[in-house]
$ cat data21.tsv   # TSV, C-alpha atoms
chain	number	residue	atom	x	y	z
M	115	MET	CA	171.01	148.54	176.14
M	116	SER	CA	173.79	146.13	177.14
M	117	LYS	CA	177.38	147.20	177.58
M	118	SER	CA	179.28	145.77	174.62
M	119	PHE	CA	182.80	144.35	174.62
M	120	VAL	CA	185.14	142.19	172.53
M	121	LEU	CA	187.82	139.79	173.68
M	122	TYR	CA	189.86	138.18	170.88
M	123	ARG	CA	193.05	136.36	169.99
M	124	LEU	CA	194.29	136.23	166.40
M	125	PRO	CA	195.48	132.95	164.79
M	126	ASN	CA	199.02	131.90	165.73
M	127	GLN	CA	199.39	134.78	168.17
M	128	ALA	CA	199.56	134.84	171.96
M	129	SER	CA	198.20	138.34	172.65
M	130	ILE	CA	194.78	138.57	174.29
M	131	ASN	CA	193.08	141.79	173.14
M	132	TYR	CA	190.18	143.48	174.94
M	133	ILE	CA	187.95	146.27	173.60
M	134	GLU	CA	185.17	147.98	175.52
M	135	SER	CA	183.68	150.79	173.44
M	136	LYS	CA	180.40	152.23	172.24
M	137	ALA	CA	179.48	150.22	169.15
M	138	ILE	CA	178.02	151.58	165.91
M	139	GLU	CA	175.15	149.76	164.16
M	140	SER	CA	174.03	149.64	160.53
M	141	TYR	CA	171.49	147.66	158.53
M	142	ASN	CA	173.57	147.68	155.34
M	143	LEU	CA	176.63	145.51	154.65
M	144	GLU	CA	178.10	148.34	152.57
M	145	PHE	CA	178.49	150.17	155.88
M	146	ILE	CA	181.97	148.75	156.49
M	147	LYS	CA	183.36	150.65	153.49
M	148	SER	CA	182.52	153.97	155.19
M	149	LEU	CA	184.32	153.24	158.45
M	150	LYS	CA	187.08	155.65	159.46
M	151	GLY	CA	189.83	154.37	161.72
M	152	ASP	CA	190.31	150.89	163.17
M	153	HIS	CA	187.23	148.83	164.07
M	154	PHE	CA	186.24	145.36	165.13
M	155	VAL	CA	183.26	144.45	162.92
M	156	VAL	CA	180.58	141.80	163.39
M	157	ALA	CA	178.27	140.98	160.46
M	158	PRO	CA	175.36	138.51	160.53
M	159	PHE	CA	174.46	135.76	158.06
M	160	LYS	CA	171.73	138.09	156.87
M	161	VAL	CA	171.06	141.65	158.00
M	162	ASP	CA	167.57	142.11	159.45
M	163	SER	CA	165.84	144.07	162.23
M	164	LYS	CA	167.33	141.76	164.90
M	165	THR	CA	170.83	141.43	163.47
M	166	PRO	CA	172.54	144.63	162.29
M	167	VAL	CA	176.17	144.98	161.28
M	168	ILE	CA	178.04	146.17	164.38
M	169	ALA	CA	181.38	147.97	164.54
M	170	PHE	CA	183.44	148.57	167.69
M	171	PRO	CA	185.96	151.44	167.47
M	172	ILE	CA	189.25	149.89	168.61
M	173	GLY	CA	191.38	152.79	169.76
M	174	ASP	CA	194.06	151.24	171.96
M	175	PRO	CA	192.91	147.73	172.95
M	176	GLU	CA	194.01	146.44	176.32
M	177	ILE	CA	196.51	143.59	176.11
M	178	LEU	CA	195.82	141.10	178.88
M	179	THR	CA	197.82	138.19	180.28
M	180	GLU	CA	196.01	134.96	181.15
M	181	ASP	CA	196.16	135.79	184.85
M	182	GLU	CA	194.84	139.30	184.25
M	183	LEU	CA	191.94	137.98	182.19
M	184	LEU	CA	190.90	135.45	184.84
M	185	LYS	CA	190.55	138.33	187.30
M	186	TYR	CA	189.03	140.80	184.83
M	187	ASP	CA	185.49	142.03	185.50
M	188	LEU	CA	183.82	141.50	182.12
M	189	PRO	CA	180.45	143.33	181.89
M	190	TYR	CA	178.23	140.33	181.18
M	191	ASP	CA	174.50	140.98	180.71
M	192	GLU	CA	172.84	137.92	182.25
M	193	ARG	CA	169.24	139.06	181.83
M	194	ARG	CA	168.36	137.82	178.35
M	195	VAL	CA	167.17	134.24	177.77
M	196	PHE	CA	166.93	133.15	174.11
M	197	GLY	CA	165.09	129.84	174.43
M	198	LEU	CA	166.34	128.37	171.13
M	199	LYS	CA	165.10	124.85	170.49
M	200	GLU	CA	167.56	122.07	169.83
M	201	THR	CA	167.38	120.41	166.41
M	202	THR	CA	166.72	116.69	166.88
M	203	GLU	CA	168.58	113.99	164.99
M	204	LYS	CA	165.35	112.88	163.34
M	205	GLU	CA	164.53	116.43	162.17
M	206	TYR	CA	168.00	116.99	160.76
M	207	LYS	CA	168.20	113.66	158.93
M	208	ASN	CA	164.73	114.18	157.46
M	209	ILE	CA	165.69	117.58	156.02
M	210	VAL	CA	168.93	116.12	154.61
M	211	SER	CA	166.94	113.42	152.79
M	212	ILE	CA	164.50	115.93	151.33
M	213	GLN	CA	167.21	118.36	150.21
M	214	SER	CA	169.39	115.65	148.65
M	215	PHE	CA	166.39	114.48	146.63
M	216	LYS	CA	165.72	118.05	145.45
M	217	MET	CA	169.35	118.40	144.36
M	218	LYS	CA	169.14	115.19	142.35
M	219	SER	CA	166.40	116.90	140.33
M	220	GLY	CA	168.70	119.87	139.68
M	221	SER	CA	167.14	122.45	142.02
M	222	TYR	CA	170.59	123.61	143.14
M	223	ASP	CA	174.10	122.19	143.53
M	224	LYS	CA	174.89	122.61	147.23
M	225	LEU	CA	173.01	123.74	150.33
M	226	VAL	CA	174.46	124.31	153.80
M	227	LEU	CA	172.10	123.13	156.52
M	228	SER	CA	172.69	124.20	160.12
M	229	ARG	CA	171.28	123.09	163.44
M	230	VAL	CA	171.38	124.09	167.11
M	231	LYS	CA	172.90	121.83	169.77
M	232	ARG	CA	171.98	122.92	173.28
M	233	LEU	CA	174.21	122.31	176.31
M	234	LYS	CA	173.16	123.08	179.87
M	235	ARG	CA	175.11	125.98	181.32
M	236	GLU	CA	176.40	125.25	184.80
M	237	LYS	CA	179.14	127.29	186.47
M	238	GLN	CA	181.72	127.18	183.68
M	239	SER	CA	183.89	130.28	183.52
M	240	LEU	CA	183.54	132.03	180.16
M	241	ARG	CA	187.02	133.48	180.61
M	242	LYS	CA	188.36	129.93	181.08
M	243	ILE	CA	186.47	128.72	177.99
M	244	PHE	CA	188.12	131.47	175.97
M	245	LEU	CA	191.58	130.56	177.27
M	246	ASP	CA	191.08	126.82	176.77
M	247	LEU	CA	189.86	127.37	173.20
M	248	SER	CA	192.94	129.50	172.53
M	249	LYS	CA	195.23	126.72	173.78
M	250	ALA	CA	193.38	123.89	172.04
M	251	TYR	CA	193.12	125.67	168.67
M	252	PRO	CA	196.18	127.90	168.21
M	253	THR	CA	195.54	128.40	164.46
M	254	ALA	CA	191.91	129.51	165.00
M	255	PHE	CA	190.49	132.99	165.53
M	256	VAL	CA	189.15	132.86	169.10
M	257	TYR	CA	186.77	135.41	170.56
M	258	LEU	CA	184.25	136.20	173.30
M	259	LEU	CA	182.00	139.21	172.74
M	260	GLN	CA	178.80	140.88	173.85
M	261	LEU	CA	176.74	142.91	171.40
M	262	THR	CA	174.59	145.96	172.08
M	263	ASN	CA	171.44	143.81	171.96
M	264	GLY	CA	172.70	141.60	174.79
M	265	GLN	CA	173.75	138.66	172.63
M	266	LEU	CA	176.82	136.98	174.10
M	267	TRP	CA	178.88	134.94	171.60
M	268	CYS	CA	182.01	132.82	171.79
M	269	GLY	CA	183.84	130.89	169.10
M	270	ALA	CA	187.02	129.48	167.56
M	271	SER	CA	186.81	129.89	163.79
M	272	PRO	CA	189.14	127.93	161.48
M	273	GLU	CA	188.19	129.91	158.38
M	274	THR	CA	189.35	133.27	157.04
M	275	LEU	CA	186.73	135.05	154.95
M	276	ALA	CA	189.23	137.54	153.56
M	277	SER	CA	192.28	139.60	154.45
M	278	TYR	CA	193.93	142.62	152.84
M	279	GLU	CA	197.33	144.18	153.50
M	280	ASP	CA	199.89	146.03	151.37
M	281	GLY	CA	197.78	145.73	148.24
M	282	LYS	CA	197.32	141.97	148.54
M	283	PHE	CA	193.90	140.34	148.98
M	284	LYS	CA	193.66	136.79	150.31
M	285	THR	CA	190.75	134.41	150.75
M	286	MET	CA	190.19	130.67	150.92
M	287	ALA	CA	187.80	127.94	149.84
M	288	LEU	CA	187.32	125.65	152.84
M	289	ALA	CA	184.84	122.77	152.79
M	290	GLY	CA	184.53	119.03	153.35
M	291	THR	CA	185.05	117.56	156.82
M	292	GLN	CA	186.62	114.43	158.28
M	293	ILE	CA	187.96	113.44	161.71
M	294	LEU	CA	191.74	113.10	161.65
M	295	ASP	CA	191.84	110.10	164.04
M	296	GLU	CA	195.58	110.56	164.56
M	297	LYS	CA	196.22	110.55	160.81
M	298	GLU	CA	198.53	113.07	159.20
M	299	PRO	CA	196.57	115.61	157.10
M	300	ASN	CA	198.36	114.61	153.89
M	301	ALA	CA	197.26	111.00	154.44
M	302	MET	CA	193.54	111.85	154.29
M	303	GLU	CA	191.45	110.46	151.43
M	304	TRP	CA	188.46	112.48	150.23
M	305	GLN	CA	185.26	111.18	148.66
M	306	GLU	CA	183.63	112.65	145.56
M	307	LYS	CA	180.86	114.26	147.63
M	308	GLU	CA	183.40	116.18	149.73
M	309	LEU	CA	185.48	117.18	146.70
M	310	ASP	CA	182.35	118.46	144.93
M	311	GLU	CA	181.31	120.40	148.03
M	312	GLN	CA	184.64	122.22	148.12
M	313	LYS	CA	184.68	122.77	144.35
M	314	TRP	CA	181.47	124.81	144.51
M	315	VAL	CA	183.15	127.19	146.96
M	316	GLN	CA	186.18	127.50	144.69
M	317	ASN	CA	183.97	128.26	141.70
M	318	ALA	CA	182.10	131.04	143.51
M	319	ILE	CA	185.33	132.75	144.54
M	320	GLU	CA	186.74	132.50	141.01
M	321	ASP	CA	183.52	133.96	139.56
M	322	SER	CA	183.77	136.91	141.96
M	323	PHE	CA	187.30	137.67	140.76
M	324	LYS	CA	186.34	137.33	137.11
M	325	LYS	CA	183.34	139.67	137.44
M	326	THR	CA	185.58	142.46	138.71
M	327	LYS	CA	188.28	141.62	136.12
M	328	VAL	CA	190.97	141.20	138.77
M	329	SER	CA	193.68	138.63	138.07
M	330	PHE	CA	194.30	136.08	140.81
M	331	SER	CA	196.33	133.02	141.67
M	332	LYS	CA	195.27	129.95	143.61
M	333	SER	CA	196.88	126.93	145.23
M	334	ASP	CA	196.04	123.34	144.51
M	335	PRO	CA	193.47	121.94	146.96
M	336	TYR	CA	195.10	120.45	150.07
M	337	THR	CA	194.07	119.05	153.44
M	338	SER	CA	194.05	121.58	156.27
M	339	GLN	CA	193.89	120.68	159.96
M	340	ALA	CA	191.53	122.44	162.38
M	341	GLY	CA	191.92	120.79	165.77
M	342	HIS	CA	190.61	117.22	165.54
M	343	LEU	CA	189.06	117.88	162.12
M	344	ALA	CA	190.41	118.08	158.57
M	345	HIS	CA	189.02	120.12	155.66
M	346	ILE	CA	189.84	120.61	151.98
M	347	LYS	CA	191.36	124.03	151.41
M	348	THR	CA	192.37	126.17	148.44
M	349	ASP	CA	194.16	129.51	148.95
M	350	PHE	CA	193.48	132.51	146.68
M	351	THR	CA	195.59	135.67	146.27
M	352	ALA	CA	195.01	138.82	144.20
M	353	LYS	CA	196.57	142.26	143.89
M	354	CYS	CA	193.95	145.01	144.03
M	355	SER	CA	192.92	148.27	145.70
M	356	ILE	CA	191.31	148.48	149.14
M	357	LYS	CA	188.10	149.58	147.41
M	358	GLN	CA	188.06	146.44	145.27
M	359	ALA	CA	189.00	144.28	148.26
M	360	SER	CA	186.15	145.67	150.39
M	361	GLN	CA	183.71	145.04	147.55
M	362	PHE	CA	184.97	141.46	147.26
M	363	VAL	CA	183.99	140.89	150.89
M	364	ILE	CA	180.47	142.13	150.21
M	365	ASN	CA	180.21	140.05	147.04
M	366	LEU	CA	181.53	136.87	148.64
M	367	HIS	CA	179.28	136.86	151.70
M	368	PRO	CA	177.61	134.49	152.27
M	369	THR	CA	179.91	132.05	150.43
M	370	PRO	CA	178.82	128.57	149.33
M	371	ALA	CA	180.75	127.30	152.36
M	372	VAL	CA	178.02	128.64	154.68
M	373	CYS	CA	175.05	129.08	152.32
M	374	GLY	CA	175.14	127.08	149.09
M	375	THR	CA	174.96	127.63	145.37
M	376	PRO	CA	173.30	129.34	143.60
M	377	LYS	CA	173.46	131.86	146.47
M	378	GLN	CA	170.03	133.51	146.32
M	379	GLU	CA	168.07	130.29	145.82
M	380	THR	CA	169.83	128.44	148.63
M	381	GLN	CA	169.65	131.39	151.01
M	382	ASN	CA	165.89	131.57	150.47
M	383	GLU	CA	165.64	127.80	151.04
M	384	ILE	CA	167.56	128.10	154.31
M	385	PHE	CA	165.08	130.68	155.60
M	386	GLN	CA	162.25	128.28	154.78
M	387	ILE	CA	163.63	125.05	156.27
M	388	GLU	CA	165.70	126.11	159.30
M	389	LYS	CA	163.49	126.69	162.33
M	390	HIS	CA	166.10	128.80	164.13
M	391	ASN	CA	167.50	132.24	163.39
M	392	ARG	CA	171.21	131.98	162.61
M	393	TYR	CA	171.81	135.50	163.92
M	394	TYR	CA	175.60	135.94	163.65
M	395	TYR	CA	176.46	132.28	163.03
M	396	SER	CA	177.99	131.95	159.52
M	397	GLY	CA	178.36	135.72	159.34
M	398	TYR	CA	181.83	137.21	159.71
M	399	LEU	CA	183.85	139.19	162.23
M	400	GLY	CA	187.30	140.63	162.73
M	401	LEU	CA	189.49	143.69	162.26
M	402	TYR	CA	188.74	146.35	159.64
M	403	SER	CA	190.42	149.67	158.81
M	404	PRO	CA	190.46	151.92	155.71
M	405	GLN	CA	193.76	150.37	154.55
M	406	GLN	CA	193.65	146.75	155.66
M	407	PHE	CA	191.42	144.10	157.19
M	408	ASN	CA	191.43	140.56	158.58
M	409	LEU	CA	187.98	138.95	158.67
M	410	PHE	CA	186.90	135.46	159.74
M	411	VAL	CA	183.78	133.39	159.08
M	412	ASN	CA	181.84	132.95	162.33
M	413	LEU	CA	181.98	129.16	162.62
M	414	ARG	CA	182.48	126.78	165.60
M	415	CYS	CA	180.58	129.32	167.64
M	416	MET	CA	177.84	129.55	170.24
M	417	LEU	CA	175.28	131.97	171.59
M	418	ILE	CA	175.18	132.01	175.41
M	419	ASP	CA	172.44	132.85	177.91
M	420	PRO	CA	172.13	132.15	181.66
M	421	LEU	CA	170.61	128.70	181.01
M	422	TYR	CA	172.31	127.24	177.93
M	423	PHE	CA	175.16	127.25	175.48
M	424	TYR	CA	173.56	127.21	172.00
M	425	LEU	CA	176.10	125.63	169.64
M	426	PHE	CA	175.55	126.36	165.93
M	427	VAL	CA	176.88	123.67	163.59
M	428	GLY	CA	176.22	122.77	159.98
M	429	GLY	CA	177.36	120.95	156.88
M	430	GLY	CA	177.24	121.20	153.13
M	431	LEU	CA	174.66	119.00	151.43
M	432	THR	CA	174.90	117.71	147.87
M	433	LYS	CA	172.85	115.22	145.88
M	434	ASP	CA	175.08	112.45	147.31
M	435	SER	CA	174.61	113.34	150.98
M	436	ASP	CA	173.95	110.52	153.44
M	437	PRO	CA	171.69	111.65	156.35
M	438	LEU	CA	173.58	109.65	158.98
M	439	LEU	CA	176.98	110.91	157.84
M	440	GLU	CA	175.74	114.50	157.68
M	441	TRP	CA	174.41	114.27	161.22
M	442	GLN	CA	177.71	112.81	162.42
M	443	GLU	CA	179.64	115.61	160.72
M	444	THR	CA	177.73	118.21	162.74
M	445	GLU	CA	178.36	116.21	165.92
M	446	ASN	CA	182.08	116.19	165.12
M	447	LYS	CA	182.08	119.96	164.59
M	448	ALA	CA	180.22	120.53	167.85
M	449	GLN	CA	183.08	118.83	169.72
M	450	THR	CA	185.27	121.89	169.10
M	451	LEU	CA	183.24	123.72	171.74
M	452	SER	CA	181.54	120.90	173.68
M	453	SER	CA	184.84	119.22	174.61
M	454	ILE	CA	186.02	122.46	176.23
M	455	ILE	CA	182.69	123.06	178.01
M	456	ASP	CA	182.51	119.46	179.25
M	457	GLY	CA	186.07	119.67	180.53
M	458	LEU	CA	185.09	122.53	182.87
M	459	GLN	CA	182.14	120.79	184.49
$ encode --input "data21.tsv" --output "structure tokens"
Amino acid sequence: MSKSFVLYRLPNQASINYIESKAIESYNLEFIKSLKGDHFVVAPFKVDSKTPVIAFPIGDPEILTEDELLKYDLPYDERRVFGLKETTEKEYKNIVSIQSFKMKSGSYDKLVLSRVKRLKREKQSLRKIFLDLSKAYPTAFVYLLQLTNGQLWCGASPETLASYEDGKFKTMALAGTQILDEKEPNAMEWQEKELDEQKWVQNAIEDSFKKTKVSFSKSDPYTSQAGHLAHIKTDFTAKCSIKQASQFVINLHPTPAVCGTPKQETQNEIFQIEKHNRYYYSGYLGLYSPQQFNLFVNLRCMLIDPLYFYLFVGGGLTKDSDPLLEWQETENKAQTLSSIIDGLQ
């Protein structure tokens, strides 16, 4: 069994936190509600025999400076090779065409299709990648971690799944993607396809609140910047108990932003059409305690082995999706990580 660790930096904060502890595993998402004390949790897109929910007891995390991190002896396990195949442009565009046609017939409203982009691993420092991601994306949740099964992950997520503190629950609907191209976020114009894509996420969150009969407030949709990309975002807030807030997390995951709608039908379709296992991509991770939590969707992330960086990227498909534009959207999202990796070669 590999030695597990977590290195993370919260959005808009400078502190680099390091945890090295014996992790706890579970094959039930409800597991997080039973945790006592502070933990760093990692949940997959779907729990199965290869991808349990994992919780790292935090205790007193080490706070590292940049110089200290660059010298730190992280316990990498370099034995495991995953051999994931890269999704070709032809394969991806073909699936987009088929799925868009199915949605025109009313099969479902939105489906999130992901792919793997593979980059050759040379001698890039993983510590340096973490630091460069932190500098390039100060509003993102940046992490580097190794799980008990030897999986080594790194990412810079722009999206909060949910947070809870002092009786207040917060979440967001984030969808639609464009390159900023030096434009100001408030100058972006969004097409009907992108607006629809984000609306489905909003609707799912509202339905979750209504089912539990918790009153909530929401912002008007606005353009949010994430590095060189822009997304449509709506903020939600509700007052509730920690028990209700924890259940919201379980109900929300996976949201239409990473899966589709209706949830069960699109999740089943994803398992049929995607040739790769998502593992922890489009799952969630972050800090969880019995009184508060701060969890992020695992996006703009990659699985790492001695040979390759496996970048996981995806996009929301609707009946109006254009295969070329959908492919380009995933290429744009991959640049969050690839630009940092390429800069270290």
$ residues_around --input "data21.tsv" --residues "Gly290 in chain M" --least-positions-apart "6" --cutoff "6 Å" --atoms "only C-alpha atoms" --output "list in words"
Glu308, His345 and Ile346 of chain M
$ residues_near_point --input "data21.tsv" --point "(189.4, 120.9, 158.9)" --cutoff "10 Å" --atoms "only C-alpha atoms" --output "ChimeraX atom specification"
/M:272-273,288-294,299,337-347,447
$ closest_residue --input "data21.tsv" --among "M:Leu309, M:Leu366, M:Leu261, M:Val195" --to "Leu431 in chain M" --atoms "only C-alpha atoms"
M:Leu309
$ residues_around --input "data21.tsv" --residues "range 355-362 of chain M" --least-positions-apart "4" --cutoff "7 Å" --atoms "only C-alpha atoms" --output "list in words"
Lys147, Tyr278, Gly281, Phe283, Leu366 and Gln405 of chain M
$ residues_around --input "data21.tsv" --residues "Pro368 in chain M" --least-positions-apart "2" --cutoff "8 Å" --atoms "all atoms listed in the file" --output "VMD selection string"
chain M and resid 159 366 370 to 373 377 396 to 397
$ residues_near_point --input "data21.tsv" --point "(164.4, 121.5, 159.8)" --cutoff "8 Å" --atoms "all atoms listed in the file" --output "VMD selection string"
chain M and resid 201 205 to 206 208 to 209 229 387 to 389
$ atom_distance --input "data21.tsv" --atom1 "CA of Gln238 in chain M" --atom2 "CA of Ala270 in chain M"
17.1 Å
$ residues_around --input "data21.tsv" --residues "Val427 in chain M" --least-positions-apart "5" --cutoff "7 Å" --atoms "only C-alpha atoms" --output "list in words"
Ser228, Arg229, Val230, Arg414, Thr444, Lys447 and Ala448 of chain M
$ write_last_selection --input "data21.tsv" --atoms "C-alpha atoms" --output "PDB file, keeping the file's coordinate frame"
ATOM      1  CA  SER M 228     172.690 124.200 160.120  1.00  0.00           C
ATOM      2  CA  ARG M 229     171.280 123.090 163.440  1.00  0.00           C
ATOM      3  CA  VAL M 230     171.380 124.090 167.110  1.00  0.00           C
ATOM      4  CA  ARG M 414     182.480 126.780 165.600  1.00  0.00           C
ATOM      5  CA  THR M 444     177.730 118.210 162.740  1.00  0.00           C
ATOM      6  CA  LYS M 447     182.080 119.960 164.590  1.00  0.00           C
ATOM      7  CA  ALA M 448     180.220 120.530 167.850  1.00  0.00           C
TER       8      ALA M 448
END
$ closest_residue --input "data21.tsv" --among "M:Met302, M:Ile364, M:Val256, M:Leu417" --to "Pro125 in chain M" --atoms "all atoms listed in the file"
M:Val256
$ residues_around --input "data21.tsv" --residues "Leu258 in chain M" --least-positions-apart "5" --cutoff "8 Å" --atoms "only C-alpha atoms" --output "PDB file with C-alpha atoms, in the coordinates of the input"
ATOM      1  CA  VAL M 120     185.140 142.190 172.530  1.00  0.00           C
ATOM      2  CA  LEU M 121     187.820 139.790 173.680  1.00  0.00           C
ATOM      3  CA  TYR M 122     189.860 138.180 170.880  1.00  0.00           C
ATOM      4  CA  PHE M 244     188.120 131.470 175.970  1.00  0.00           C
ATOM      5  CA  LEU M 266     176.820 136.980 174.100  1.00  0.00           C
ATOM      6  CA  TRP M 267     178.880 134.940 171.600  1.00  0.00           C
ATOM      7  CA  CYS M 268     182.010 132.820 171.790  1.00  0.00           C
ATOM      8  CA  GLY M 269     183.840 130.890 169.100  1.00  0.00           C
TER       9      GLY M 269
END
$ atom_distance --input "data21.tsv" --atom1 "CA of Arg241 in chain M" --atom2 "CA of His390 in chain M"
27.0 Å
$ closest_residue --input "data21.tsv" --among "M:Tyr186, M:Ala137, M:Lys234, M:Glu303" --to "Pro166 in chain M" --atoms "all atoms listed in the file"
M:Ala137
$ decode --input "data21.tsv" --residues "range 168-189 of chain M" --atoms "N, CA and C atoms" --output "PDB file, in the first residue's frame"
ATOM      1  N   ILE M 168     -12.180   8.491   0.288  1.00  0.00           N
ATOM      2  CA  ILE M 168     -10.988   8.438   1.142  1.00  0.00           C
ATOM      3  C   ILE M 168     -10.950   9.687   2.018  1.00  0.00           C
ATOM      4  N   ALA M 169     -10.660   9.499   3.300  1.00  0.00           N
ATOM      5  CA  ALA M 169     -10.585  10.614   4.237  1.00  0.00           C
ATOM      6  C   ALA M 169      -9.246  10.593   4.963  1.00  0.00           C
ATOM      7  N   PHE M 170      -8.549  11.723   4.944  1.00  0.00           N
ATOM      8  CA  PHE M 170      -7.270  11.885   5.634  1.00  0.00           C
ATOM      9  C   PHE M 170      -7.509  12.675   6.924  1.00  0.00           C
ATOM     10  N   PRO M 171      -7.289  12.084   8.102  1.00  0.00           N
ATOM     11  CA  PRO M 171      -7.347  12.893   9.327  1.00  0.00           C
ATOM     12  C   PRO M 171      -6.325  14.023   9.242  1.00  0.00           C
ATOM     13  N   ILE M 172      -6.749  15.245   9.562  1.00  0.00           N
ATOM     14  CA  ILE M 172      -5.866  16.397   9.376  1.00  0.00           C
ATOM     15  C   ILE M 172      -4.941  16.622  10.554  1.00  0.00           C
ATOM     16  N   GLY M 173      -5.463  16.590  11.773  1.00  0.00           N
ATOM     17  CA  GLY M 173      -4.609  16.911  12.911  1.00  0.00           C
ATOM     18  C   GLY M 173      -4.076  18.328  12.765  1.00  0.00           C
ATOM     19  N   ASP M 174      -2.774  18.476  12.874  1.00  0.00           N
ATOM     20  CA  ASP M 174      -2.128  19.774  12.671  1.00  0.00           C
ATOM     21  C   ASP M 174      -1.329  19.726  11.375  1.00  0.00           C
ATOM     22  N   PRO M 175      -1.891  20.249  10.271  1.00  0.00           N
ATOM     23  CA  PRO M 175      -1.150  20.200   9.003  1.00  0.00           C
ATOM     24  C   PRO M 175       0.103  21.055   9.076  1.00  0.00           C
ATOM     25  N   GLU M 176       1.145  20.624   8.384  1.00  0.00           N
ATOM     26  CA  GLU M 176       2.352  21.432   8.292  1.00  0.00           C
ATOM     27  C   GLU M 176       2.091  22.598   7.345  1.00  0.00           C
ATOM     28  N   ILE M 177       2.542  23.771   7.698  1.00  0.00           N
ATOM     29  CA  ILE M 177       2.451  24.943   6.843  1.00  0.00           C
ATOM     30  C   ILE M 177       3.828  25.176   6.247  1.00  0.00           C
ATOM     31  N   LEU M 178       3.939  25.087   4.934  1.00  0.00           N
ATOM     32  CA  LEU M 178       5.228  25.162   4.263  1.00  0.00           C
ATOM     33  C   LEU M 178       5.368  26.456   3.472  1.00  0.00           C
ATOM     34  N   THR M 179       6.571  26.998   3.431  1.00  0.00           N
ATOM     35  CA  THR M 179       6.884  28.089   2.521  1.00  0.00           C
ATOM     36  C   THR M 179       7.227  27.482   1.158  1.00  0.00           C
ATOM     37  N   GLU M 180       7.314  28.317   0.135  1.00  0.00           N
ATOM     38  CA  GLU M 180       7.684  27.821  -1.193  1.00  0.00           C
ATOM     39  C   GLU M 180       9.058  27.163  -1.154  1.00  0.00           C
ATOM     40  N   ASP M 181      10.006  27.792  -0.497  1.00  0.00           N
ATOM     41  CA  ASP M 181      11.363  27.234  -0.429  1.00  0.00           C
ATOM     42  C   ASP M 181      11.375  25.906   0.308  1.00  0.00           C
ATOM     43  N   GLU M 182      10.601  25.814   1.380  1.00  0.00           N
ATOM     44  CA  GLU M 182      10.534  24.566   2.141  1.00  0.00           C
ATOM     45  C   GLU M 182       9.928  23.448   1.305  1.00  0.00           C
ATOM     46  N   LEU M 183       8.894  23.777   0.533  1.00  0.00           N
ATOM     47  CA  LEU M 183       8.254  22.757  -0.300  1.00  0.00           C
ATOM     48  C   LEU M 183       9.208  22.226  -1.365  1.00  0.00           C
ATOM     49  N   LEU M 184       9.962  23.119  -1.999  1.00  0.00           N
ATOM     50  CA  LEU M 184      10.877  22.696  -3.056  1.00  0.00           C
ATOM     51  C   LEU M 184      11.941  21.735  -2.555  1.00  0.00           C
ATOM     52  N   LYS M 185      12.213  21.775  -1.252  1.00  0.00           N
ATOM     53  CA  LYS M 185      13.208  20.872  -0.665  1.00  0.00           C
ATOM     54  C   LYS M 185      12.564  19.674   0.032  1.00  0.00           C
ATOM     55  N   TYR M 186      11.229  19.676   0.121  1.00  0.00           N
ATOM     56  CA  TYR M 186      10.532  18.668   0.915  1.00  0.00           C
ATOM     57  C   TYR M 186      10.565  17.308   0.219  1.00  0.00           C
ATOM     58  N   ASP M 187      10.761  16.261   0.986  1.00  0.00           N
ATOM     59  CA  ASP M 187      10.838  14.899   0.441  1.00  0.00           C
ATOM     60  C   ASP M 187       9.445  14.277   0.439  1.00  0.00           C
ATOM     61  N   LEU M 188       8.681  14.529  -0.625  1.00  0.00           N
ATOM     62  CA  LEU M 188       7.334  13.967  -0.726  1.00  0.00           C
ATOM     63  C   LEU M 188       7.433  12.471  -1.052  1.00  0.00           C
ATOM     64  N   PRO M 189       6.623  11.638  -0.402  1.00  0.00           N
ATOM     65  CA  PRO M 189       6.744  10.174  -0.574  1.00  0.00           C
ATOM     66  C   PRO M 189       6.029   9.648  -1.819  1.00  0.00           C
TER      67      PRO M 189
END
